[in-house]
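Peer 1: Below is the file coords-v5.cif, which contains mmCIF, C-alpha atoms.
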```
data_input
#
loop_
_atom_site.label_atom_id
_atom_site.label_comp_id
_atom_site.auth_asym_id
_atom_site.auth_seq_id
_atom_site.Cartn_x
_atom_site.Cartn_y
_atom_site.Cartn_z
CA MET A 1 -124.66 -32.13 -12.70
CA THR A 2 -128.34 -31.76 -12.02
CA THR A 3 -130.82 -29.86 -14.10
CA ARG A 4 -133.44 -27.92 -12.23
CA THR A 5 -136.79 -27.42 -13.90
CA ALA A 6 -139.12 -24.96 -12.24
CA THR A 7 -142.77 -24.90 -13.10
CA ARG A 8 -145.09 -22.08 -12.20
CA ALA A 9 -148.82 -22.08 -11.76
CA ASP A 10 -150.84 -19.77 -14.00
CA GLY A 11 -151.31 -17.24 -11.19
CA GLU A 12 -147.62 -17.00 -10.25
CA VAL A 13 -145.25 -14.20 -11.18
CA PHE A 14 -143.48 -14.37 -14.53
CA ASP A 15 -140.13 -12.97 -15.67
CA PHE A 16 -141.28 -11.21 -18.85
CA ASN A 17 -144.70 -10.45 -20.32
CA LEU A 18 -144.33 -10.67 -24.09
CA ASN A 19 -148.06 -9.95 -24.42
CA ALA A 20 -147.48 -6.41 -23.14
CA VAL A 21 -144.78 -5.48 -25.68
CA GLU A 22 -145.83 -2.74 -28.10
CA ALA A 23 -144.12 -1.56 -31.30
CA GLU A 24 -141.75 1.36 -30.77
CA SER A 25 -142.64 2.90 -34.11
CA ASP A 26 -145.71 3.51 -36.25
CA LEU A 27 -146.23 0.35 -38.30
CA LYS A 28 -147.73 2.24 -41.23
CA PRO A 29 -147.72 0.13 -44.43
CA TYR A 30 -145.38 0.94 -47.31
CA VAL A 31 -147.00 1.54 -50.71
CA PHE A 32 -145.17 1.48 -54.05
CA LEU A 33 -146.13 1.66 -57.71
CA TRP A 34 -145.25 -1.16 -60.14
CA ALA A 35 -147.03 -1.05 -63.45
CA SER A 36 -148.13 -4.06 -65.44
CA LYS A 37 -149.62 -4.30 -68.93
CA GLU A 38 -153.07 -4.70 -67.37
CA ASN A 39 -152.71 -1.87 -64.85
CA PRO A 40 -150.28 1.04 -65.39
CA ASN A 41 -151.11 2.43 -61.93
CA ARG A 42 -150.85 -0.81 -59.93
CA ARG A 43 -150.05 -0.13 -56.30
CA PHE A 44 -148.68 -2.70 -53.90
CA THR A 45 -148.93 -2.40 -50.13
CA MET A 46 -146.33 -3.98 -47.90
CA GLN A 47 -146.68 -4.44 -44.16
CA HIS A 48 -144.12 -2.55 -42.12
CA MET A 49 -141.00 -4.69 -41.65
CA GLU A 50 -141.24 -4.51 -37.85
CA GLY A 51 -144.69 -6.12 -37.96
CA LEU A 52 -143.76 -9.15 -40.08
CA ASN A 53 -144.01 -12.68 -38.69
CA VAL A 54 -140.41 -13.65 -37.94
CA TRP A 55 -140.75 -17.43 -38.28
CA PRO A 56 -140.92 -17.63 -42.09
CA LEU A 57 -138.26 -14.91 -42.32
CA MET A 58 -135.82 -16.98 -40.28
CA VAL A 59 -136.45 -20.02 -42.47
CA ALA A 60 -135.88 -17.92 -45.61
CA ALA A 61 -132.65 -16.48 -44.14
CA ASP A 62 -131.17 -19.99 -44.04
CA GLY A 63 -131.09 -19.81 -47.86
CA GLY A 64 -128.78 -16.76 -47.93
CA ASP A 65 -129.23 -13.06 -48.65
CA ALA A 66 -131.38 -13.38 -51.79
CA ALA A 67 -133.70 -15.88 -50.12
CA ALA A 68 -133.94 -13.65 -47.04
CA MET A 69 -134.90 -10.66 -49.19
CA ALA A 70 -137.49 -12.72 -51.09
CA GLY A 71 -138.85 -13.95 -47.76
CA ILE A 72 -139.28 -10.39 -46.53
CA PHE A 73 -141.12 -9.38 -49.72
CA ARG A 74 -143.30 -12.51 -49.61
CA GLU A 75 -144.33 -11.86 -46.01
CA ALA A 76 -144.71 -8.09 -46.42
CA LEU A 77 -146.87 -8.35 -49.54
CA GLY A 78 -148.96 -11.34 -48.51
CA LYS A 79 -149.79 -14.31 -50.73
CA GLU A 80 -152.10 -12.62 -53.26
CA GLN A 81 -149.98 -9.51 -53.82
CA TRP A 82 -146.77 -11.60 -53.88
CA ASN A 83 -148.21 -13.69 -56.71
CA ASP A 84 -149.31 -10.55 -58.60
CA PHE A 85 -145.94 -8.88 -58.02
CA ARG A 86 -144.11 -11.84 -59.55
CA LYS A 87 -146.20 -11.80 -62.75
CA THR A 88 -144.32 -8.79 -64.15
CA PRO A 89 -140.63 -9.32 -65.01
CA LEU A 90 -138.42 -7.41 -62.58
CA PRO A 91 -134.79 -6.42 -63.19
CA GLN A 92 -132.47 -6.93 -60.23
CA TYR A 93 -131.52 -3.24 -60.04
CA LYS A 94 -135.19 -2.32 -59.49
CA LEU A 95 -135.62 -4.96 -56.80
CA LYS A 96 -132.51 -3.68 -55.01
CA ALA A 97 -133.78 -0.08 -55.18
CA LEU A 98 -137.19 -1.13 -53.86
CA PHE A 99 -135.66 -3.08 -50.99
CA ARG A 100 -133.35 -0.18 -50.08
CA ALA A 101 -136.30 2.27 -50.05
CA TYR A 102 -138.50 -0.14 -48.03
CA ARG A 103 -135.70 -0.75 -45.53
CA GLU A 104 -135.14 3.00 -45.10
CA TYR A 105 -138.88 3.59 -44.71
CA CYS A 106 -139.01 1.00 -41.94
CA GLY A 107 -135.93 2.43 -40.24
CA ALA A 108 -133.85 -0.73 -40.64
CA SER A 109 -130.19 -0.42 -41.48
CA GLU A 110 -128.50 -2.77 -43.93
CA GLY A 111 -126.31 -4.08 -41.12
CA GLU A 112 -129.34 -5.09 -39.03
CA LEU A 113 -130.71 -7.18 -41.88
CA GLU A 114 -127.36 -8.81 -42.58
CA ALA A 115 -127.01 -9.73 -38.92
CA SER A 116 -130.49 -11.23 -38.82
CA SER A 117 -129.90 -13.38 -41.90
CA ASP A 118 -126.85 -15.01 -40.30
CA SER A 119 -128.61 -16.03 -37.12
#
```
Let me see the file written as structure tokens.
Peer 2:
Amino acid sequence: MTTRTATRADGEVFDFNLNAVEAESDLKPYVFLWASKENPNRRFTMQHMEGLNVWPLMVAADGGDAAAMAGIFREALGKEQWNDFRKTPLPQYKLKALFRAYREYCGASEGELEASSDS
């Protein structure tokens, strides 16, 4: 069996131009309120799920569903907001409700996220 490796010069035709791909939906950020002792009106802004960098999400998904969800929040909030978000104790039922609302806002079904965490 022989393996054929084709190389193309920069000016040659390509099969797919990933640079030309645009989002199919408006990637408007998601904003939610989560009060702390210091700020009763603290607002957090999460990037739209479709715009998140997939590489850290795939690594987080290897740790199971909870790790995948935390990875999504970490990426969507960004480092500074993620650290602030974690300073206030958070019951699991509130985290689940927030994730459900964020997922619906972004137009992602629960099944899509479960499928992505297994791959």
Peer 1: Would you mind telling me which residue in A:Asp10, A:Glu75, A:Glu104, A:Glu80 lies nearest to Met46 (chain A) when using all atoms listed in the file?
Peer 2: A:Glu75
Peer 1: Using Å and a single decimal, report how far CA of Lys94 (chain A) sits from CA of Asn41 (chain A).
Peer 2: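 Going from CA of Asn41 (chain A) over to CA of Lys94 (chain A), I get 16.8 Å.
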Peer 1: Selected by the PyMOL selection byres ((chain A and resi 29) around 6) in the shown coordinates: which residues, as a PDB file with C-alpha atoms, in the coordinates of the input?
Peer 2:
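Ended up saving to out38.pdb:
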```
ATOM      1  CA  LYS A  28    -147.730   2.240 -41.230  1.00  0.00           C
ATOM      2  CA  TYR A  30    -145.380   0.940 -47.310  1.00  0.00           C
ATOM      3  CA  MET A  46    -146.330  -3.980 -47.900  1.00  0.00           C
ATOM      4  CA  GLN A  47    -146.680  -4.440 -44.160  1.00  0.00           C
ATOM      5  CA  HIS A  48    -144.120  -2.550 -42.120  1.00  0.00           C
TER       6      HIS A  48
END
```
Peer 1: In Å, rounded to a single decimal, give me how far CA of Cys106 (chain A) is from CA of Ser36 (chain A).
Peer 2: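 Those two atoms sit 25.7 Å apart.
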Peer 1: Calculated over all atoms listed in the file, which of the candidates A:Asn53, A:Trp34, A:Phe14, A:Ala9 has the smallest distance to Leu95 (chain A)?
Peer 2: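 Checking each of A:Asn53, A:Trp34, A:Phe14, A:Ala9 against Leu95 (chain A), counting all atoms listed in the file, the winner is A:Trp34.
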